[in-house]
file target.cif (mmCIF, N, CA and C atoms)
data_entry
#
loop_
_atom_site.group_PDB
_atom_site.id
_atom_site.type_symbol
_atom_site.label_atom_id
_atom_site.label_comp_id
_atom_site.auth_asym_id
_atom_site.auth_seq_id
_atom_site.Cartn_x
_atom_site.Cartn_y
_atom_site.Cartn_z
ATOM 1 N N MET A 1 102.714 109.585 108.768
ATOM 2 C CA MET A 1 103.833 108.701 109.025
ATOM 3 C C MET A 1 104.823 108.878 107.896
ATOM 4 N N GLY A 2 106.071 109.021 108.273
ATOM 5 C CA GLY A 2 107.102 109.184 107.277
ATOM 6 C C GLY A 2 107.391 107.885 106.546
ATOM 7 N N LEU A 3 107.878 108.026 105.338
ATOM 8 C CA LEU A 3 108.204 106.857 104.533
ATOM 9 C C LEU A 3 109.245 105.985 105.217
ATOM 10 N N GLY A 4 110.227 106.619 105.844
ATOM 11 C CA GLY A 4 111.262 105.862 106.553
ATOM 12 C C GLY A 4 110.682 105.007 107.670
ATOM 13 N N ASP A 5 109.696 105.573 108.396
ATOM 14 C CA ASP A 5 109.042 104.819 109.464
ATOM 15 C C ASP A 5 108.260 103.638 108.899
ATOM 16 N N LYS A 6 107.570 103.863 107.795
ATOM 17 C CA LYS A 6 106.807 102.777 107.172
ATOM 18 C C LYS A 6 107.729 101.648 106.741
ATOM 19 N N ILE A 7 108.838 102.002 106.131
ATOM 20 C CA ILE A 7 109.798 101.000 105.662
ATOM 21 C C ILE A 7 110.393 100.243 106.844
ATOM 22 N N SER A 8 110.761 100.980 107.889
ATOM 23 C CA SER A 8 111.344 100.350 109.075
ATOM 24 C C SER A 8 110.365 99.383 109.725
ATOM 25 N N ASN A 9 109.116 99.806 109.856
ATOM 26 C CA ASN A 9 108.103 98.939 110.471
ATOM 27 C C ASN A 9 107.848 97.700 109.619
ATOM 28 N N LYS A 10 107.776 97.875 108.312
ATOM 29 C CA LYS A 10 107.532 96.742 107.418
ATOM 30 C C LYS A 10 108.712 95.775 107.436
ATOM 31 N N THR A 11 109.926 96.321 107.472
ATOM 32 C CA THR A 11 111.122 95.489 107.532
ATOM 33 C C THR A 11 111.141 94.672 108.818
ATOM 34 N N GLU A 12 110.794 95.317 109.941
ATOM 35 C CA GLU A 12 110.755 94.601 111.217
ATOM 36 C C GLU A 12 109.691 93.506 111.184
ATOM 37 N N ASP A 13 108.536 93.809 110.590
ATOM 38 C CA ASP A 13 107.461 92.831 110.482
ATOM 39 C C ASP A 13 107.885 91.634 109.632
ATOM 40 N N LEU A 14 108.472 91.908 108.477
ATOM 41 C CA LEU A 14 108.905 90.819 107.596
ATOM 42 C C LEU A 14 110.016 89.991 108.228
ATOM 43 N N GLY A 15 110.940 90.655 108.921
ATOM 44 C CA GLY A 15 111.992 89.929 109.621
ATOM 45 C C GLY A 15 111.416 89.034 110.709
ATOM 46 N N GLY A 16 110.401 89.549 111.392
ATOM 47 C CA GLY A 16 109.735 88.757 112.423
ATOM 48 C C GLY A 16 109.048 87.540 111.844
ATOM 49 N N LYS A 17 108.413 87.716 110.694
ATOM 50 C CA LYS A 17 107.760 86.576 110.044
ATOM 51 C C LYS A 17 108.788 85.523 109.635
ATOM 52 N N ALA A 18 109.936 85.987 109.156
ATOM 53 C CA ALA A 18 110.992 85.054 108.752
ATOM 54 C C ALA A 18 111.532 84.292 109.972
ATOM 55 N N LYS A 19 111.756 85.014 111.082
ATOM 56 C CA LYS A 19 112.227 84.361 112.300
ATOM 57 C C LYS A 19 111.209 83.342 112.801
ATOM 58 N N GLU A 20 109.947 83.756 112.793
ATOM 59 C CA GLU A 20 108.898 82.845 113.253
ATOM 60 C C GLU A 20 108.871 81.579 112.401
ATOM 61 N N ALA A 21 108.943 81.732 111.092
ATOM 62 C CA ALA A 21 108.914 80.581 110.189
ATOM 63 C C ALA A 21 110.140 79.694 110.389
ATOM 64 N N ALA A 22 111.316 80.318 110.529
ATOM 65 C CA ALA A 22 112.535 79.546 110.742
ATOM 66 C C ALA A 22 112.478 78.798 112.069
ATOM 67 N N GLY A 23 111.993 79.474 113.092
ATOM 68 C CA GLY A 23 111.872 78.828 114.394
ATOM 69 C C GLY A 23 110.891 77.677 114.366
ATOM 70 N N SER A 24 109.793 77.868 113.665
ATOM 71 C CA SER A 24 108.789 76.817 113.544
ATOM 72 C C SER A 24 109.338 75.617 112.768
ATOM 73 N N ALA A 25 110.070 75.900 111.697
ATOM 74 C CA ALA A 25 110.602 74.836 110.851
ATOM 75 C C ALA A 25 111.678 74.018 111.559
ATOM 76 N N THR A 26 112.427 74.678 112.442
ATOM 77 C CA THR A 26 113.528 73.984 113.114
ATOM 78 C C THR A 26 113.181 73.538 114.533
ATOM 79 N N GLY A 27 111.985 73.889 114.973
ATOM 80 C CA GLY A 27 111.588 73.535 116.328
ATOM 81 C C GLY A 27 112.198 74.425 117.394
ATOM 82 N N ASP A 28 112.723 75.580 116.980
ATOM 83 C CA ASP A 28 113.343 76.529 117.910
ATOM 84 C C ASP A 28 112.266 77.479 118.428
ATOM 85 N N LYS A 29 111.698 77.142 119.565
ATOM 86 C CA LYS A 29 110.582 77.917 120.127
ATOM 87 C C LYS A 29 111.004 79.336 120.501
ATOM 88 N N ASP A 30 112.261 79.503 120.934
ATOM 89 C CA ASP A 30 112.741 80.842 121.286
ATOM 90 C C ASP A 30 112.785 81.748 120.064
ATOM 91 N N LEU A 31 113.299 81.234 118.941
ATOM 92 C CA LEU A 31 113.357 82.015 117.711
ATOM 93 C C LEU A 31 111.956 82.319 117.204
ATOM 94 N N GLU A 32 111.081 81.344 117.300
ATOM 95 C CA GLU A 32 109.696 81.531 116.879
ATOM 96 C C GLU A 32 109.032 82.637 117.715
ATOM 97 N N ALA A 33 109.242 82.600 119.012
ATOM 98 C CA ALA A 33 108.669 83.616 119.904
ATOM 99 C C ALA A 33 109.273 84.987 119.632
ATOM 100 N N GLU A 34 110.571 85.017 119.354
ATOM 101 C CA GLU A 34 111.229 86.288 119.031
ATOM 102 C C GLU A 34 110.630 86.889 117.762
ATOM 103 N N GLY A 35 110.364 86.048 116.778
ATOM 104 C CA GLY A 35 109.742 86.513 115.539
ATOM 105 C C GLY A 35 108.357 87.082 115.779
ATOM 106 N N LYS A 36 107.576 86.407 116.609
ATOM 107 C CA LYS A 36 106.239 86.907 116.937
ATOM 108 C C LYS A 36 106.344 88.240 117.674
ATOM 109 N N GLY A 37 107.334 88.351 118.551
ATOM 110 C CA GLY A 37 107.553 89.603 119.274
ATOM 111 C C GLY A 37 107.918 90.747 118.340
ATOM 112 N N ASP A 38 108.769 90.455 117.358
ATOM 113 C CA ASP A 38 109.139 91.482 116.373
ATOM 114 C C ASP A 38 107.918 91.954 115.595
ATOM 115 N N GLN A 39 107.052 91.023 115.234
ATOM 116 C CA GLN A 39 105.846 91.389 114.500
ATOM 117 C C GLN A 39 104.919 92.254 115.356
ATOM 118 N N THR A 40 104.788 91.899 116.617
ATOM 119 C CA THR A 40 103.948 92.681 117.526
ATOM 120 C C THR A 40 104.517 94.079 117.707
ATOM 121 N N SER A 41 105.829 94.168 117.858
ATOM 122 C CA SER A 41 106.483 95.464 118.005
ATOM 123 C C SER A 41 106.251 96.338 116.776
ATOM 124 N N ALA A 42 106.393 95.754 115.597
ATOM 125 C CA ALA A 42 106.178 96.505 114.361
ATOM 126 C C ALA A 42 104.735 96.981 114.259
ATOM 127 N N ALA A 43 103.797 96.132 114.630
ATOM 128 C CA ALA A 43 102.380 96.515 114.571
ATOM 129 C C ALA A 43 102.089 97.638 115.556
ATOM 130 N N PHE A 44 102.685 97.578 116.739
ATOM 131 C CA PHE A 44 102.489 98.621 117.738
ATOM 132 C C PHE A 44 103.033 99.956 117.233
ATOM 133 N N LYS A 45 104.253 99.929 116.680
ATOM 134 C CA LYS A 45 104.864 101.154 116.156
ATOM 135 C C LYS A 45 104.037 101.731 115.009
ATOM 136 N N ASP A 46 103.543 100.858 114.146
ATOM 137 C CA ASP A 46 102.716 101.294 113.026
ATOM 138 C C ASP A 46 101.444 101.958 113.542
ATOM 139 N N GLY A 47 100.831 101.362 114.542
ATOM 140 C CA GLY A 47 99.624 101.936 115.136
ATOM 141 C C GLY A 47 99.899 103.281 115.784
ATOM 142 N N ALA A 48 101.022 103.400 116.486
ATOM 143 C CA ALA A 48 101.380 104.663 117.124
ATOM 144 C C ALA A 48 101.599 105.758 116.081
ATOM 145 N N GLU A 49 102.245 105.404 114.979
ATOM 146 C CA GLU A 49 102.459 106.378 113.906
ATOM 147 C C GLU A 49 101.129 106.835 113.304
ATOM 148 N N LYS A 50 100.197 105.922 113.166
ATOM 149 C CA LYS A 50 98.884 106.278 112.615
ATOM 150 C C LYS A 50 98.132 107.213 113.557
ATOM 151 N N VAL A 51 98.259 106.992 114.859
ATOM 152 C CA VAL A 51 97.625 107.882 115.835
ATOM 153 C C VAL A 51 98.244 109.275 115.735
ATOM 154 N N LYS A 52 99.572 109.345 115.626
ATOM 155 C CA LYS A 52 100.233 110.648 115.489
ATOM 156 C C LYS A 52 99.776 111.356 114.220
ATOM 157 N N ASP A 53 99.654 110.610 113.125
ATOM 158 C CA ASP A 53 99.191 111.202 111.865
ATOM 159 C C ASP A 53 97.770 111.741 112.002
ATOM 160 N N ALA A 54 96.912 110.972 112.643
ATOM 161 C CA ALA A 54 95.523 111.399 112.819
ATOM 162 C C ALA A 54 95.464 112.652 113.682
ATOM 163 N N ALA A 55 96.245 112.703 114.744
ATOM 164 C CA ALA A 55 96.272 113.882 115.608
ATOM 165 C C ALA A 55 96.770 115.101 114.838
ATOM 166 N N SER A 56 97.767 114.904 114.018
ATOM 167 C CA SER A 56 98.296 116.001 113.207
ATOM 168 C C SER A 56 97.256 116.489 112.212
ATOM 169 N N ASN A 57 96.522 115.571 111.609
ATOM 170 C CA ASN A 57 95.472 115.952 110.662
ATOM 171 C C ASN A 57 94.362 116.741 111.342
ATOM 172 N N ILE A 58 93.987 116.320 112.543
ATOM 173 C CA ILE A 58 92.948 117.044 113.287
ATOM 174 C C ILE A 58 93.439 118.443 113.633
ATOM 175 N N LYS A 59 94.677 118.540 114.095
ATOM 176 C CA LYS A 59 95.258 119.847 114.426
ATOM 177 C C LYS A 59 95.270 120.746 113.191
ATOM 178 N N ASP A 60 95.654 120.193 112.044
ATOM 179 C CA ASP A 60 95.696 120.986 110.822
ATOM 180 C C ASP A 60 94.306 121.484 110.445
ATOM 181 N N LYS A 61 93.297 120.657 110.611
ATOM 182 C CA LYS A 61 91.926 121.064 110.288
ATOM 183 C C LYS A 61 91.444 122.150 111.224
ATOM 184 N N LEU A 62 91.806 122.027 112.498
ATOM 185 C CA LEU A 62 91.366 123.020 113.469
ATOM 186 C C LEU A 62 92.059 124.366 113.289
ATOM 187 N N THR A 63 93.302 124.331 112.829
ATOM 188 C CA THR A 63 94.058 125.570 112.650
ATOM 189 C C THR A 63 93.979 126.105 111.220
ATOM 190 N N GLY A 64 93.302 125.357 110.338
ATOM 191 C CA GLY A 64 93.128 125.807 108.973
ATOM 192 C C GLY A 64 94.322 125.586 108.065
ATOM 193 N N HIS A 65 95.184 124.660 108.404
ATOM 194 C CA HIS A 65 96.372 124.382 107.565
ATOM 195 C C HIS A 65 96.171 123.202 106.702
#

call {"tool": "encode", "arguments": {"input": "target.cif", "output": "C-alpha cells"}}
result
Amino acid sequence: MGLGDKISNKTEDLGGKAKEAAGSATGDKDLEAEGKGDQTSAAFKDGAEKVKDAASNIKDKLTGH
C-alpha cells in the first residue's frame, strides 16, 4: 500500500470519527451516520489495499523478485 493511500484512508477515518462525535454531541443522527459511513469506507479501502499488497508479495515470491 502506498503512503498516499495510507494517509488518505487514515484522514477519511479520522474525519468520520469527528463527524460521528459532532453528530452525537448535537443530536444530528444524519451527521453521526455519515461519520460512521466514512469510517466504514476507510476500513474497506484499507482492507482492499492490504489484499492487493499480499497478492503482490505472493506474486513476487513466485517469480523470484

call {"tool": "atom_distance", "arguments": {"input": "target.cif", "atom1": "CA of Lys10 in chain A", "atom2": "CA of Leu31 in chain A"}}
result
18.9 Å

call {"tool": "residues_around", "arguments": {"input": "target.cif", "residues": "Lys17 in chain A", "least_positions_apart": "5", "cutoff": "8 Å", "atoms": "only N, CA and C atoms", "output": "list in words"}}
result
Thr11, Glu12, Ala22, Gly23, Glu34, Gly35, Lys36, Gly37, Asp38 and Gln39 of chain A

call {"tool": "atom_distance", "arguments": {"input": "target.cif", "atom1": "atom N of Asp28 in chain A", "atom2": "atom C of Ala42 in chain A"}}
result
23.0 Å

call {"tool": "resolve_selection", "arguments": {"input": "target.cif", "expression": "the PyMOL selection byres (((chain A and resi 46-56 and name CA) around 9) and name CA)", "output": "PyMOL selection string"}}
result
chain A and resi 1-2+5-6+9-10+41-45+57-61

call {"tool": "atom_distance", "arguments": {"input": "target.cif", "atom1": "atom N of Leu14 in chain A", "atom2": "CA of Thr26 in chain A"}}
result
19.2 Å

call {"tool": "residues_around", "arguments": {"input": "target.cif", "residues": "Glu32 in chain A", "least_positions_apart": "5", "cutoff": "5 Å", "atoms": "all atoms listed in the file", "output": "list in words"}}
result
Lys19, Glu20, Gly23 and Ser24 of chain A

call {"tool": "write_last_selection", "arguments": {"input": "target.cif", "atoms": "N, CA and C atoms", "output": "short mmCIF file (atom, residue, chain, number, x, y, z; two decimals), keeping the file's coordinate frame"}}
result
data_model
loop_
_atom_site.label_atom_id
_atom_site.label_comp_id
_atom_site.auth_asym_id
_atom_site.auth_seq_id
_atom_site.Cartn_x
_atom_site.Cartn_y
_atom_site.Cartn_z
N LYS A 19 111.76 85.01 111.08
CA LYS A 19 112.23 84.36 112.30
C LYS A 19 111.21 83.34 112.80
N GLU A 20 109.95 83.76 112.79
CA GLU A 20 108.90 82.84 113.25
C GLU A 20 108.87 81.58 112.40
N GLY A 23 111.99 79.47 113.09
CA GLY A 23 111.87 78.83 114.39
C GLY A 23 110.89 77.68 114.37
N SER A 24 109.79 77.87 113.66
CA SER A 24 108.79 76.82 113.54
C SER A 24 109.34 75.62 112.77
#

call {"tool": "axis_aligned_box", "arguments": {"input": "target.cif", "around": "range 45-51 of chain A", "padding_each_side": "5 Å", "output": "JSON"}}
result
{"center_x": 101.2, "center_y": 104.6, "center_z": 114.9, "size_x": 17.2, "size_y": 19.3, "size_z": 14.5}

call {"tool": "decode", "arguments": {"input": "target.cif", "residues": "chain A", "atoms": "C-alpha atoms", "output": "mmCIF file, in the first residue's frame"}}
result
data_model
loop_
_atom_site.group_PDB
_atom_site.id
_atom_site.type_symbol
_atom_site.label_atom_id
_atom_site.label_comp_id
_atom_site.auth_asym_id
_atom_site.auth_seq_id
_atom_site.Cartn_x
_atom_site.Cartn_y
_atom_site.Cartn_z
ATOM 1 C CA MET A 1 0.000 0.000 0.000
ATOM 2 C CA GLY A 2 1.340 3.360 -0.944
ATOM 3 C CA LEU A 3 1.946 6.014 1.653
ATOM 4 C CA GLY A 4 -0.548 8.311 -0.055
ATOM 5 C CA ASP A 5 -3.247 5.641 0.221
ATOM 6 C CA LYS A 6 -2.488 5.096 3.902
ATOM 7 C CA ILE A 7 -2.696 8.818 4.604
ATOM 8 C CA SER A 8 -5.919 9.180 2.619
ATOM 9 C CA ASN A 9 -7.557 6.253 4.406
ATOM 10 C CA LYS A 10 -6.463 7.497 7.830
ATOM 11 C CA THR A 11 -7.679 11.015 7.046
ATOM 12 C CA GLU A 12 -11.071 9.663 5.967
ATOM 13 C CA ASP A 13 -11.257 7.550 9.133
ATOM 14 C CA LEU A 14 -10.381 10.460 11.419
ATOM 15 C CA GLY A 15 -12.818 12.748 9.618
ATOM 16 C CA GLY A 16 -15.507 10.123 10.061
ATOM 17 C CA LYS A 17 -14.791 9.883 13.768
ATOM 18 C CA ALA A 18 -15.037 13.661 14.063
ATOM 19 C CA LYS A 19 -18.361 13.715 12.183
ATOM 20 C CA GLU A 20 -19.708 10.898 14.313
ATOM 21 C CA ALA A 21 -18.705 12.685 17.525
ATOM 22 C CA ALA A 22 -20.133 16.009 16.342
ATOM 23 C CA GLY A 23 -23.367 14.355 15.291
ATOM 24 C CA SER A 24 -23.632 12.543 18.596
ATOM 25 C CA ALA A 25 -22.923 15.702 20.591
ATOM 26 C CA THR A 26 -25.507 17.753 18.714
ATOM 27 C CA GLY A 27 -28.106 15.041 18.275
ATOM 28 C CA ASP A 28 -27.677 15.120 14.486
ATOM 29 C CA LYS A 29 -28.284 11.473 13.598
ATOM 30 C CA ASP A 30 -27.607 12.078 9.892
ATOM 31 C CA LEU A 31 -24.149 13.524 10.594
ATOM 32 C CA GLU A 32 -23.433 10.728 13.043
ATOM 33 C CA ALA A 33 -24.416 8.116 10.442
ATOM 34 C CA GLU A 34 -22.343 9.870 7.780
ATOM 35 C CA GLY A 35 -19.326 9.717 10.089
ATOM 36 C CA LYS A 36 -19.829 6.006 10.682
ATOM 37 C CA GLY A 37 -20.131 5.519 6.923
ATOM 38 C CA ASP A 38 -16.863 7.369 6.323
ATOM 39 C CA GLN A 39 -15.127 5.146 8.855
ATOM 40 C CA THR A 40 -16.512 2.005 7.227
ATOM 41 C CA SER A 41 -15.428 3.227 3.803
ATOM 42 C CA ALA A 42 -11.907 3.924 5.056
ATOM 43 C CA ALA A 43 -11.688 0.488 6.673
ATOM 44 C CA PHE A 44 -12.881 -1.176 3.466
ATOM 45 C CA LYS A 45 -10.322 0.707 1.355
ATOM 46 C CA ASP A 46 -7.574 -0.132 3.840
ATOM 47 C CA GLY A 47 -8.523 -3.807 3.700
ATOM 48 C CA ALA A 48 -8.576 -3.789 -0.104
ATOM 49 C CA GLU A 49 -5.111 -2.225 -0.191
ATOM 50 C CA LYS A 50 -3.808 -4.901 2.175
ATOM 51 C CA VAL A 51 -5.216 -7.640 -0.070
ATOM 52 C CA LYS A 52 -3.503 -6.058 -3.093
ATOM 53 C CA ASP A 53 -0.224 -5.870 -1.158
ATOM 54 C CA ALA A 54 -0.485 -9.512 -0.119
ATOM 55 C CA ALA A 55 -1.214 -10.592 -3.697
ATOM 56 C CA SER A 56 1.766 -8.604 -4.928
ATOM 57 C CA ASN A 57 4.007 -10.189 -2.297
ATOM 58 C CA ILE A 58 2.875 -13.681 -3.288
ATOM 59 C CA LYS A 59 3.478 -12.897 -6.964
ATOM 60 C CA ASP A 60 6.955 -11.587 -6.141
ATOM 61 C CA LYS A 61 7.795 -14.757 -4.204
ATOM 62 C CA LEU A 62 6.564 -16.972 -7.004
ATOM 63 C CA THR A 63 8.506 -15.082 -9.664
ATOM 64 C CA GLY A 64 11.621 -14.681 -7.525
ATOM 65 C CA HIS A 65 11.525 -10.880 -7.245
#
